[in-house]
file model_13.txt (compact mmCIF, C-alpha atoms (C1' of nucleotides))
# COMPACT_ATOMS: atom_id res chain seq x y z
CA MET A 206 28.32 0.07 10.93
CA ASP A 207 25.92 0.73 13.78
CA HIS A 208 22.68 -1.07 14.37
CA ARG A 209 20.48 1.84 13.38
CA THR A 210 22.10 2.13 9.99
CA ARG A 211 21.96 -1.59 9.35
CA LEU A 212 18.28 -1.61 10.26
CA LEU A 213 17.45 1.33 8.02
CA ASP A 214 19.40 -0.19 5.13
CA ALA A 215 17.47 -3.44 5.37
CA ALA A 216 14.16 -1.68 5.96
CA GLU A 217 14.60 0.63 2.99
CA ARG A 218 15.48 -2.18 0.62
CA LEU A 219 12.63 -4.43 1.73
CA PHE A 220 9.91 -1.82 2.24
CA TYR A 221 10.57 -0.12 -1.08
CA GLU A 222 10.90 -3.37 -2.97
CA ARG A 223 7.78 -5.10 -1.70
CA GLY A 224 5.67 -2.59 0.23
CA VAL A 225 5.59 -1.95 3.96
CA ARG A 226 2.84 -4.30 5.04
CA ALA A 227 4.24 -7.11 2.93
CA VAL A 228 7.42 -7.13 5.01
CA GLY A 229 7.37 -8.34 8.61
CA VAL A 230 9.54 -6.93 11.35
CA ASP A 231 11.21 -10.32 11.65
CA GLU A 232 12.35 -10.13 8.05
CA VAL A 233 13.98 -6.77 8.71
CA ARG A 234 15.72 -8.33 11.69
CA ALA A 235 16.96 -11.26 9.61
CA ALA A 236 18.16 -9.07 6.72
CA SER A 237 19.92 -6.61 9.03
CA GLY A 238 21.43 -9.15 11.40
CA VAL A 239 20.35 -6.97 14.30
CA PRO A 240 18.71 -8.78 17.23
CA LEU A 241 15.02 -8.14 17.68
CA LYS A 242 15.58 -6.67 21.11
CA ARG A 243 17.86 -3.98 19.74
CA LEU A 244 15.51 -3.31 16.86
CA TYR A 245 12.85 -2.40 19.41
CA GLN A 246 15.37 -0.31 21.34
CA CYS A 247 16.10 1.75 18.23
CA PHE A 248 12.53 1.84 16.92
CA PRO A 249 9.88 1.10 19.57
CA SER A 250 7.33 0.23 16.91
CA LYS A 251 7.21 -0.72 13.26
CA GLU A 252 5.59 2.61 12.46
CA GLU A 253 8.62 4.48 13.85
CA LEU A 254 10.90 2.32 11.72
CA VAL A 255 8.79 3.14 8.66
CA VAL A 256 8.87 6.87 9.36
CA ALA A 257 12.64 6.75 9.94
CA TYR A 258 13.08 4.88 6.66
CA LEU A 259 11.07 7.54 4.83
CA ARG A 260 12.89 10.43 6.46
CA ARG A 261 16.33 9.09 5.59
CA ARG A 262 15.22 8.32 2.06
CA ASP A 263 13.85 11.84 1.73
CA GLN A 264 17.17 13.38 2.72
CA ARG A 265 19.22 11.13 0.47
CA TRP A 266 16.88 11.39 -2.51
CA ARG A 267 16.80 15.17 -2.45
CA ALA A 268 20.52 15.45 -1.77
CA SER A 269 21.31 13.21 -4.75
CA LEU A 270 19.03 15.27 -6.99
CA ALA A 271 20.41 18.59 -5.79
CA GLU A 272 24.00 17.48 -6.10
CA SER A 273 23.51 16.18 -9.61
CA VAL A 274 21.64 19.30 -10.72
CA ALA A 275 24.14 21.71 -9.18
CA ARG A 276 26.88 20.36 -11.43
CA ARG A 277 25.11 21.59 -14.56
CA ASP A 278 24.32 24.95 -16.07
CA ASP A 279 20.92 24.02 -17.47
CA ARG A 280 19.53 23.15 -14.08
CA VAL A 281 15.87 22.60 -14.89
CA PRO A 282 16.49 20.08 -17.67
CA ALA A 283 19.04 18.46 -15.37
CA VAL A 284 16.23 17.61 -12.95
CA PHE A 285 14.54 15.48 -15.57
CA ASP A 286 17.76 13.85 -16.71
CA TRP A 287 18.39 12.84 -13.13
CA LEU A 288 14.85 11.41 -13.00
CA GLU A 289 15.43 9.34 -16.12
CA ASN A 290 18.57 7.85 -14.62
CA TRP A 291 16.60 6.99 -11.51
CA PHE A 292 13.81 5.36 -13.52
CA ARG A 293 16.32 3.13 -15.25
CA GLU A 294 17.87 1.89 -12.05
CA PRO A 295 17.07 -1.79 -11.46
CA GLY A 296 14.34 -2.18 -8.87
CA PHE A 297 12.76 1.20 -9.55
CA ARG A 298 9.23 1.01 -8.27
CA GLY A 299 7.97 4.59 -8.21
CA CYS A 300 7.98 7.13 -5.43
CA ALA A 301 8.46 5.58 -1.99
CA PHE A 302 6.42 8.38 -0.46
CA VAL A 303 3.48 8.04 -2.81
CA ASN A 304 3.54 4.28 -2.32
CA SER A 305 3.65 4.60 1.46
CA PHE A 306 0.99 7.27 1.42
CA GLY A 307 -1.33 5.04 -0.59
CA GLU A 308 -0.67 2.04 1.59
CA LEU A 309 -0.58 3.61 5.06
CA GLY A 310 -1.67 7.24 4.74
CA ALA A 311 -5.21 6.48 5.82
CA THR A 312 -4.05 4.50 8.85
CA SER A 313 -1.00 6.41 10.02
CA ASP A 314 -0.93 10.17 10.39
CA ALA A 315 2.84 10.07 10.82
CA VAL A 316 3.35 8.38 7.46
CA ALA A 317 0.92 10.72 5.70
CA ARG A 318 2.70 13.71 7.23
CA THR A 319 6.15 12.41 6.26
CA ALA A 320 5.05 11.90 2.65
CA LYS A 321 3.59 15.40 2.55
CA GLU A 322 6.78 16.87 4.00
CA HIS A 323 8.81 15.22 1.27
CA LYS A 324 6.61 16.61 -1.47
CA ASP A 325 6.56 20.06 0.12
CA ALA A 326 10.36 20.00 0.32
CA LEU A 327 10.58 19.00 -3.33
CA ARG A 328 8.25 21.82 -4.26
CA HIS A 329 10.38 24.24 -2.25
CA TYR A 330 13.52 23.02 -3.99
CA LEU A 331 12.00 23.50 -7.45
CA VAL A 332 10.73 26.98 -6.61
CA ASP A 333 14.19 27.95 -5.38
CA LEU A 334 15.69 26.46 -8.52
CA VAL A 335 13.85 28.90 -10.79
CA ARG A 336 14.00 31.88 -8.45
CA GLY A 337 16.09 34.60 -10.00
CA PHE A 338 15.10 34.19 -13.60
CA ALA A 339 11.41 33.28 -13.47
CA ALA A 340 8.87 36.06 -13.35
CA ASP A 341 6.78 34.02 -10.92
CA PRO A 342 9.01 31.36 -9.30
CA GLU A 343 6.19 29.90 -7.21
CA GLU A 344 4.07 29.39 -10.29
CA LEU A 345 6.83 27.87 -12.39
CA GLY A 346 8.09 25.73 -9.51
CA GLU A 347 4.67 24.25 -8.96
CA GLN A 348 4.30 23.59 -12.67
CA LEU A 349 7.60 21.73 -12.64
CA LEU A 350 6.41 19.75 -9.62
CA LEU A 351 3.40 18.56 -11.62
CA LEU A 352 5.71 17.36 -14.38
CA VAL A 353 8.04 15.61 -11.98
CA GLU A 354 5.17 13.83 -10.23
CA GLY A 355 3.58 12.89 -13.51
CA ALA A 356 6.81 11.49 -14.87
CA ILE A 357 7.44 9.39 -11.76
CA THR A 358 3.96 7.91 -11.80
CA SER A 359 4.02 7.14 -15.52
CA ALA A 360 7.44 5.59 -15.25
CA ALA A 361 6.37 3.43 -12.33
CA VAL A 362 2.93 2.20 -13.34
CA ARG A 363 3.28 2.16 -17.12
CA GLY A 364 6.98 1.39 -17.16
CA ASP A 365 7.39 4.40 -19.42
CA PHE A 366 10.92 5.63 -18.78
CA GLY A 367 10.62 8.12 -21.64
CA ALA A 368 8.23 10.08 -19.45
CA ALA A 369 11.26 11.93 -18.08
CA ARG A 370 12.30 13.17 -21.51
CA ARG A 371 8.75 14.21 -22.35
CA ALA A 372 8.41 16.05 -19.05
CA ARG A 373 11.70 17.80 -19.76
CA GLU A 374 10.39 19.00 -23.13
CA VAL A 375 7.31 20.50 -21.50
CA ALA A 376 9.51 22.07 -18.83
CA GLU A 377 11.64 23.70 -21.51
CA ILE A 378 8.55 25.19 -23.11
CA LEU A 379 7.49 26.66 -19.77
CA LEU A 380 11.04 27.84 -19.16
CA ALA A 381 11.21 29.66 -22.46
CA ARG A 382 7.94 31.43 -21.67
CA ALA A 383 9.13 32.35 -18.20
CA GLY A 384 12.25 33.92 -19.65
CA GLY A 385 14.79 31.29 -18.59
CA MET B 262 -29.20 -5.72 -6.01
CA ASP B 263 -27.20 -8.86 -6.63
CA HIS B 264 -24.46 -10.17 -4.43
CA ARG B 265 -21.64 -9.33 -6.80
CA THR B 266 -22.63 -5.68 -6.91
CA ARG B 267 -23.06 -5.45 -3.16
CA LEU B 268 -19.63 -6.99 -2.68
CA LEU B 269 -17.96 -4.67 -5.14
CA ASP B 270 -19.66 -1.64 -3.59
CA ALA B 271 -18.39 -2.54 -0.14
CA ALA B 272 -14.96 -3.53 -1.42
CA GLU B 273 -14.52 -0.32 -3.36
CA ARG B 274 -15.49 1.88 -0.45
CA LEU B 275 -13.30 0.06 2.07
CA PHE B 276 -10.27 -0.67 -0.13
CA TYR B 277 -10.09 2.87 -1.47
CA GLU B 278 -10.68 4.46 1.90
CA ARG B 279 -8.15 2.50 3.92
CA GLY B 280 -5.98 0.48 1.52
CA VAL B 281 -6.37 -3.13 0.46
CA ARG B 282 -4.27 -4.91 3.06
CA ALA B 283 -5.80 -2.86 5.85
CA VAL B 284 -9.24 -4.34 5.12
CA GLY B 285 -9.95 -7.99 5.84
CA VAL B 286 -12.25 -10.15 3.78
CA ASP B 287 -14.51 -10.48 6.79
CA GLU B 288 -15.02 -6.73 6.88
CA VAL B 289 -16.13 -6.75 3.25
CA ARG B 290 -18.56 -9.51 4.14
CA ALA B 291 -19.95 -7.53 7.07
CA ALA B 292 -20.28 -4.28 5.09
CA SER B 293 -21.91 -5.98 2.12
CA GLY B 294 -24.22 -8.29 4.08
CA VAL B 295 -23.24 -11.11 1.76
CA PRO B 296 -22.42 -14.44 3.40
CA LEU B 297 -18.80 -15.49 3.30
CA LYS B 298 -19.66 -18.59 1.33
CA ARG B 299 -21.17 -16.58 -1.48
CA LEU B 300 -18.32 -14.13 -1.41
CA TYR B 301 -15.98 -17.01 -2.20
CA GLN B 302 -18.36 -18.25 -4.88
CA CYS B 303 -18.21 -14.87 -6.62
CA PHE B 304 -14.51 -14.23 -5.99
CA PRO B 305 -12.48 -17.34 -5.19
CA SER B 306 -9.73 -15.29 -3.61
CA LYS B 307 -9.20 -11.83 -2.20
CA GLU B 308 -6.93 -11.02 -5.10
CA GLU B 309 -9.74 -11.65 -7.57
CA LEU B 310 -11.99 -9.37 -5.54
CA VAL B 311 -9.33 -6.66 -5.63
CA VAL B 312 -8.85 -6.96 -9.39
CA ALA B 313 -12.63 -6.87 -9.94
CA TYR B 314 -12.87 -3.77 -7.76
CA LEU B 315 -10.15 -2.08 -9.80
CA ARG B 316 -11.66 -3.07 -13.14
CA ARG B 317 -15.10 -1.74 -12.25
CA ARG B 318 -13.61 1.44 -10.86
CA ASP B 319 -11.59 1.89 -14.05
CA GLN B 320 -14.71 1.66 -16.20
CA ARG B 321 -16.75 4.00 -14.06
CA TRP B 322 -13.95 6.53 -13.56
CA ARG B 323 -13.21 6.84 -17.26
CA ALA B 324 -16.88 6.85 -18.19
CA SER B 325 -17.57 9.68 -15.75
CA LEU B 326 -14.65 11.68 -17.11
CA ALA B 327 -15.58 11.08 -20.74
CA GLU B 328 -19.22 11.91 -20.17
CA SER B 329 -18.42 15.14 -18.38
CA VAL B 330 -15.88 16.21 -20.99
CA ALA B 331 -18.13 15.35 -23.94
CA ARG B 332 -20.66 17.91 -22.77
CA ARG B 333 -18.25 20.80 -23.30
CA ASP B 334 -16.65 22.48 -26.28
CA ASP B 335 -13.30 23.14 -24.62
CA ARG B 336 -12.63 19.50 -23.99
CA VAL B 337 -9.05 19.58 -22.76
CA PRO B 338 -9.65 22.17 -20.04
CA ALA B 339 -12.78 20.21 -19.17
CA VAL B 340 -10.58 17.26 -18.20
CA PHE B 341 -8.90 19.31 -15.49
CA ASP B 342 -12.14 20.84 -14.27
CA TRP B 343 -13.49 17.35 -13.83
CA LEU B 344 -10.33 16.46 -11.91
CA GLU B 345 -10.77 19.39 -9.56
CA ASN B 346 -14.31 18.33 -8.78
CA TRP B 347 -13.05 14.85 -8.04
CA PHE B 348 -10.31 16.17 -5.75
CA ARG B 349 -12.86 18.10 -3.75
CA GLU B 350 -15.10 15.11 -3.17
CA PRO B 351 -15.05 14.02 0.48
CA GLY B 352 -12.88 10.97 0.96
CA PHE B 353 -10.65 11.69 -2.03
CA ARG B 354 -7.44 9.77 -1.45
CA GLY B 355 -5.61 9.86 -4.75
CA CYS B 356 -5.61 7.39 -7.60
CA ALA B 357 -6.89 3.95 -6.60
CA PHE B 358 -4.65 2.37 -9.20
CA VAL B 359 -1.49 4.11 -8.12
CA ASN B 360 -2.29 3.27 -4.51
CA SER B 361 -2.93 -0.39 -5.31
CA PHE B 362 0.14 -0.55 -7.50
CA GLY B 363 2.32 0.77 -4.70
CA GLU B 364 0.79 -1.55 -2.15
CA LEU B 365 0.43 -4.77 -4.14
CA GLY B 366 2.18 -4.28 -7.47
CA ALA B 367 5.31 -6.04 -6.32
CA THR B 368 3.36 -9.00 -4.93
CA SER B 369 0.55 -9.42 -7.44
CA ASP B 370 1.09 -9.39 -11.18
CA ALA B 371 -2.67 -9.15 -11.74
CA VAL B 372 -2.92 -5.93 -9.73
CA ALA B 373 0.14 -4.42 -11.43
CA ARG B 374 -1.32 -5.30 -14.81
CA THR B 375 -4.73 -3.86 -13.97
CA ALA B 376 -3.19 -0.58 -12.85
CA LYS B 377 -1.13 -0.39 -16.01
CA GLU B 378 -4.20 -1.09 -18.14
CA HIS B 379 -6.04 1.78 -16.49
CA LYS B 380 -3.22 4.22 -17.17
CA ASP B 381 -2.81 2.99 -20.73
CA ALA B 382 -6.53 3.46 -21.30
CA LEU B 383 -6.35 6.97 -19.90
CA ARG B 384 -3.44 7.76 -22.18
CA HIS B 385 -5.41 6.39 -25.14
CA TYR B 386 -8.39 8.54 -24.21
CA LEU B 387 -6.29 11.69 -24.01
CA VAL B 388 -4.57 11.00 -27.31
CA ASP B 389 -7.95 10.51 -28.95
CA LEU B 390 -9.18 13.71 -27.35
CA VAL B 391 -6.61 15.84 -29.16
CA ARG B 392 -6.59 13.88 -32.38
CA GLY B 393 -7.86 16.02 -35.21
CA PHE B 394 -6.42 19.35 -34.18
CA ALA B 395 -3.03 18.49 -32.71
CA ALA B 396 -0.09 18.17 -35.05
CA ASP B 397 1.18 15.22 -33.01
CA PRO B 398 -1.70 13.75 -30.98
CA GLU B 399 0.46 11.07 -29.37
CA GLU B 400 2.91 13.66 -28.14
CA LEU B 401 0.27 16.06 -26.82
CA GLY B 402 -1.77 13.24 -25.31
CA GLU B 403 1.23 11.95 -23.38
CA GLN B 404 2.03 15.45 -22.20
CA LEU B 405 -1.51 15.83 -20.91
CA LEU B 406 -1.18 12.47 -19.16
CA LEU B 407 1.85 13.78 -17.28
CA LEU B 408 -0.16 16.77 -16.11
CA VAL B 409 -3.14 14.66 -15.08
CA GLU B 410 -0.93 12.26 -13.10
CA GLY B 411 0.97 15.09 -11.50
CA ALA B 412 -2.20 16.86 -10.47
CA ILE B 413 -3.69 13.71 -8.92
CA THR B 414 -0.55 13.01 -6.91
CA SER B 415 -0.16 16.58 -5.69
CA ALA B 416 -3.81 16.76 -4.74
CA ALA B 417 -3.60 13.49 -2.84
CA VAL B 418 -0.32 13.75 -0.97
CA ARG B 419 -0.07 17.51 -0.51
CA GLY B 420 -3.79 18.15 -0.32
CA ASP B 421 -3.30 20.73 -3.05
CA PHE B 422 -6.62 20.82 -4.88
CA GLY B 423 -5.44 23.84 -6.90
CA ALA B 424 -3.12 21.45 -8.73
CA ALA B 425 -5.95 20.85 -11.20
CA ARG B 426 -6.20 24.51 -12.12
CA ARG B 427 -2.43 24.80 -12.47
CA ALA B 428 -2.30 21.71 -14.65
CA ARG B 429 -5.07 23.16 -16.79
CA GLU B 430 -3.05 26.33 -17.32
CA VAL B 431 -0.05 24.34 -18.52
CA ALA B 432 -2.34 22.29 -20.73
CA GLU B 433 -3.69 25.45 -22.32
CA ILE B 434 -0.17 26.62 -23.09
CA LEU B 435 0.57 23.29 -24.79
CA LEU B 436 -2.76 23.44 -26.58
CA ALA B 437 -2.06 26.89 -27.98
CA ARG B 438 1.30 25.71 -29.28
CA ALA B 439 -0.23 22.60 -30.81
CA GLY B 440 -2.75 24.76 -32.65
CA GLY B 441 -5.85 23.96 -30.64
C1' DT C 212 35.60 -17.19 42.99
C1' DA C 213 31.06 -15.07 43.55
C1' DC C 214 27.97 -11.14 41.98
C1' DT C 215 25.91 -8.09 38.82
C1' DG C 216 24.40 -6.28 34.55
C1' DT C 217 24.00 -6.58 29.78
C1' DA C 218 23.47 -8.91 25.49
C1' DG C 219 21.80 -12.20 22.06
C1' DA C 220 18.85 -15.98 20.46
C1' DG C 221 14.64 -17.25 19.90
C1' DA C 222 10.32 -18.98 22.21
C1' DA C 223 5.88 -17.28 23.45
C1' DC C 224 1.73 -14.45 23.18
C1' DG C 225 -2.42 -12.61 21.46
C1' DC C 226 -4.46 -11.35 17.50
C1' DG C 227 -6.23 -10.98 12.82
C1' DC C 228 -5.72 -12.71 8.41
C1' DG C 229 -7.52 -15.66 4.15
C1' DT C 230 -9.78 -19.70 3.61
C1' DT C 231 -12.46 -23.93 4.63
C1' DC C 232 -15.67 -26.63 7.25
C1' DT C 233 -19.72 -27.73 10.11
C1' DC C 234 -24.28 -27.59 11.27
C1' DG C 235 -29.04 -26.33 11.61
C1' DA C 236 -33.03 -24.24 8.96
C1' DC C 237 -35.81 -24.36 5.31
C1' DA C 238 -37.79 -25.03 0.52
C1' DC C 239 -39.06 -28.43 -2.85
C1' DC C 240 -40.81 -32.62 -4.72
C1' DA C 241 -42.41 -37.77 -4.39
C1' DT D 159 -44.64 -37.10 5.70
C1' DG D 160 -40.06 -38.16 4.55
C1' DG D 161 -36.00 -37.40 1.78
C1' DT D 162 -32.93 -34.27 -0.65
C1' DG D 163 -30.53 -30.29 -1.65
C1' DT D 164 -29.52 -25.44 -0.87
C1' DC D 165 -28.58 -21.74 2.03
C1' DG D 166 -26.81 -18.66 5.77
C1' DA D 167 -24.30 -18.09 10.08
C1' DG D 168 -20.36 -18.52 12.10
C1' DA D 169 -16.84 -21.75 14.12
C1' DA D 170 -12.44 -23.64 12.99
C1' DC D 171 -7.85 -23.86 10.91
C1' DG D 172 -3.24 -22.74 9.96
C1' DC D 173 -0.39 -19.11 9.55
C1' DG D 174 2.15 -14.83 10.07
C1' DC D 175 2.02 -10.58 12.22
C1' DG D 176 3.89 -7.00 15.94
C1' DT D 177 5.44 -7.25 20.34
C1' DT D 178 7.13 -9.10 24.79
C1' DC D 179 9.35 -12.47 27.64
C1' DT D 180 12.64 -16.07 29.04
C1' DC D 181 16.83 -18.18 29.31
C1' DT D 182 21.67 -18.67 28.73
C1' DA D 183 26.34 -16.72 28.21
C1' DC D 184 29.60 -13.85 29.55
C1' DA D 185 32.31 -9.35 30.67
C1' DG D 186 33.56 -6.45 34.46
C1' DT D 187 34.34 -5.79 39.31
C1' DA D 188 35.43 -6.96 44.25
call {"tool": "encode", "arguments": {"input": "model_13.txt", "output": "structure tokens"}}
result
Amino acid sequence: MDHRTRLLDAAERLFYERGVRAVGVDEVRAASGVPLKRLYQCFPSKEELVVAYLRRRDQRWRASLAESVARRDDRVPAVFDWLENWFREPGFRGCAFVNSFGELGATSDAVARTAKEHKDALRHYLVDLVRGFAADPEELGEQLLLLVEGAITSAAVRGDFGAARRAREVAEILLARAGG
Amino acid sequence: MDHRTRLLDAAERLFYERGVRAVGVDEVRAASGVPLKRLYQCFPSKEELVVAYLRRRDQRWRASLAESVARRDDRVPAVFDWLENWFREPGFRGCAFVNSFGELGATSDAVARTAKEHKDALRHYLVDLVRGFAADPEELGEQLLLLVEGAITSAAVRGDFGAARRAREVAEILLARAGG
DNA sequence: TACTGTAGAGAACGCGCGTTCTCGACACCA
DNA sequence: TGGTGTCGAGAACGCGCGTTCTCTACAGTA
């Protein structure tokens, strides 16, 4: 496994688990086994490491969702079932992008932009998901985005994993109205 | 104005604006004009200052919402109108409790607990709001909570202030079904 | 065998943090 | 007036941060 991957693996685990500022660069070095010098060759600053961590997580997170949803016929409910599985994973601590935005968004434009890109991509995915059967895919997609965001936040802060099921029920109501 | 208030005013402005870890205790001292010695008399540690900031913000935030909603007949839509006004305030940067949870929740039990208490109180308020006309107030209240959370997150990260209006539209659909 | 370049380990640097300590100024009472 | 306690201003402390530098080891080449 190359250095970059080892660094991103360690960074993702530590940053998501404890928050970005709570984890020093030296701890990422220790956890990855990559020498500090190489760390700074791959990522010339901590901020670039953080952005790279977020970008890779974005790709993987959306790919996992899309793959899981594509296997089912009832695709919109499948989104919320996938969420519930995620919530129940040990170490779940909410949305990495929301957390990073709250922690660093005011300080780092790059982090704020990366978080926004993730949410925009998720919105785009949901709109595409209902295109074809929804009268107004943009409208329905954005409504679903609200439910997804709400479920993630409630699951994280309140520890309410049932939020996914509740969000799915609301989604099904909207779906029925939209003719899905 | 007493020292405690001056400290909490400065802390709230700085912590919300930039994040908790990004603001040093000394900056709170400078912004408040309160000597460091007194700061540590009022709040023996930074963590206690952070929790006090969150608790006061919780009270004020919910009081402002409740007061604004109580003045209207269509109370549920009023919640989302209040949200939209909040989103459009200069310096809006999402939910202080979600932000603090993401930044410090893993490190500080007190902060995680305070954030959870805020969200639980909001849920309780929303359930009470629909009690009386909803067939299942708990269910509808929780659904509204999802929409509120989703709108706040979308407004913060995506800068989508229209999320409040969209959430209100979904809420009105749920309301009509629940017999409101 | 000598020379060169690269790599790893970790020391060093400058800074800012949360917290505590020092010291001089000043009010209050005998 | 002299003694006592309180207060504010800010220096000091120990630590951990992000980042850079130094030193040693060694592979590849002539």
call {"tool": "interface_residues", "arguments": {"input": "model_13.txt", "of": "chain B", "to": "chain C", "cutoff": "8 Å", "atoms": "all atoms listed in the file", "output": "VMD selection string"}}
result
chain B and resid 285 to 286 307
call {"tool": "residues_around", "arguments": {"input": "model_13.txt", "residues": "region 265-267 of chain A", "least_positions_apart": "3", "cutoff": "10 Å", "atoms": "only C-alpha atoms (C1' of nucleotides)", "output": "VMD selection string"}}
result
chain A and resid 259 to 262 270 to 273 323 326 to 327 330
call {"tool": "atom_distance", "arguments": {"input": "model_13.txt", "atom1": "CA of Arg419 (chain B)", "atom2": "CA of Ile378 (chain A)"}}
result
25.4 Å
call {"tool": "residues_near_point", "arguments": {"input": "model_13.txt", "point": "(10.3, 23.2, -20.1)", "cutoff": "10 Å", "atoms": "only C-alpha atoms (C1' of nucleotides)", "output": "VMD selection string"}}
result
chain A and resid 281 to 282 285 345 348 to 349 352 371 to 383 385
call {"tool": "interface_residues", "arguments": {"input": "model_13.txt", "of": "chain B", "to": "chain D", "cutoff": "10 Å", "atoms": "all atoms listed in the file", "output": "list in words"}}
result
Val295, Pro296, Leu297, Lys298 and Arg299 of chain B
call {"tool": "closest_residue", "arguments": {"input": "model_13.txt", "among": "A:Val335, A:Ala301, A:Ala340, A:Leu244", "to": "chain B", "atoms": "all atoms listed in the file"}}
result
A:Ala301
call {"tool": "atom_distance", "arguments": {"input": "model_13.txt", "atom1": "CA of Phe304 (chain B)", "atom2": "CA of Leu269 (chain B)"}}
result
10.2 Å
call {"tool": "interface_residues", "arguments": {"input": "model_13.txt", "of": "chain B", "to": "chain A", "cutoff": "7 Å", "atoms": "all atoms listed in the file", "output": "PyMOL selection string"}}
result
chain B and resi 279-280+360+363-364+367-368+376-377+380+404+407-408+410-412+414+418-419+427
call {"tool": "write_last_selection", "arguments": {"input": "model_13.txt", "atoms": "C-alpha atoms", "output": "CSV table (one decimal), in the frame of the given file"}}
result
chain,number,residue,atom,x,y,z
B,279,ARG,CA,-8.2,2.5,3.9
B,280,GLY,CA,-6.0,0.5,1.5
B,360,ASN,CA,-2.3,3.3,-4.5
B,363,GLY,CA,2.3,0.8,-4.7
B,364,GLU,CA,0.8,-1.6,-2.2
B,367,ALA,CA,5.3,-6.0,-6.3
B,368,THR,CA,3.4,-9.0,-4.9
B,376,ALA,CA,-3.2,-0.6,-12.8
B,377,LYS,CA,-1.1,-0.4,-16.0
B,380,LYS,CA,-3.2,4.2,-17.2
B,404,GLN,CA,2.0,15.4,-22.2
B,407,LEU,CA,1.8,13.8,-17.3
B,408,LEU,CA,-0.2,16.8,-16.1
B,410,GLU,CA,-0.9,12.3,-13.1
B,411,GLY,CA,1.0,15.1,-11.5
B,412,ALA,CA,-2.2,16.9,-10.5
B,414,THR,CA,-0.6,13.0,-6.9
B,418,VAL,CA,-0.3,13.8,-1.0
B,419,ARG,CA,-0.1,17.5,-0.5
B,427,ARG,CA,-2.4,24.8,-12.5
call {"tool": "closest_residue", "arguments": {"input": "model_13.txt", "among": "A:Arg209, A:Val228, A:Arg277, A:Phe292", "to": "Ala257 (chain A)", "atoms": "all atoms listed in the file"}}
result
A:Arg209
call {"tool": "atom_distance", "arguments": {"input": "model_13.txt", "atom1": "CA of Ala271 (chain B)", "atom2": "CA of Leu310 (chain B)"}}
result
10.8 Å
call {"tool": "residues_near_point", "arguments": {"input": "model_13.txt", "point": "(20.2, -2.7, 8.9)", "cutoff": "9 Å", "atoms": "all atoms listed in the file", "output": "number ranges by chain"}}
result
A: 206-217, 233-234, 236-239
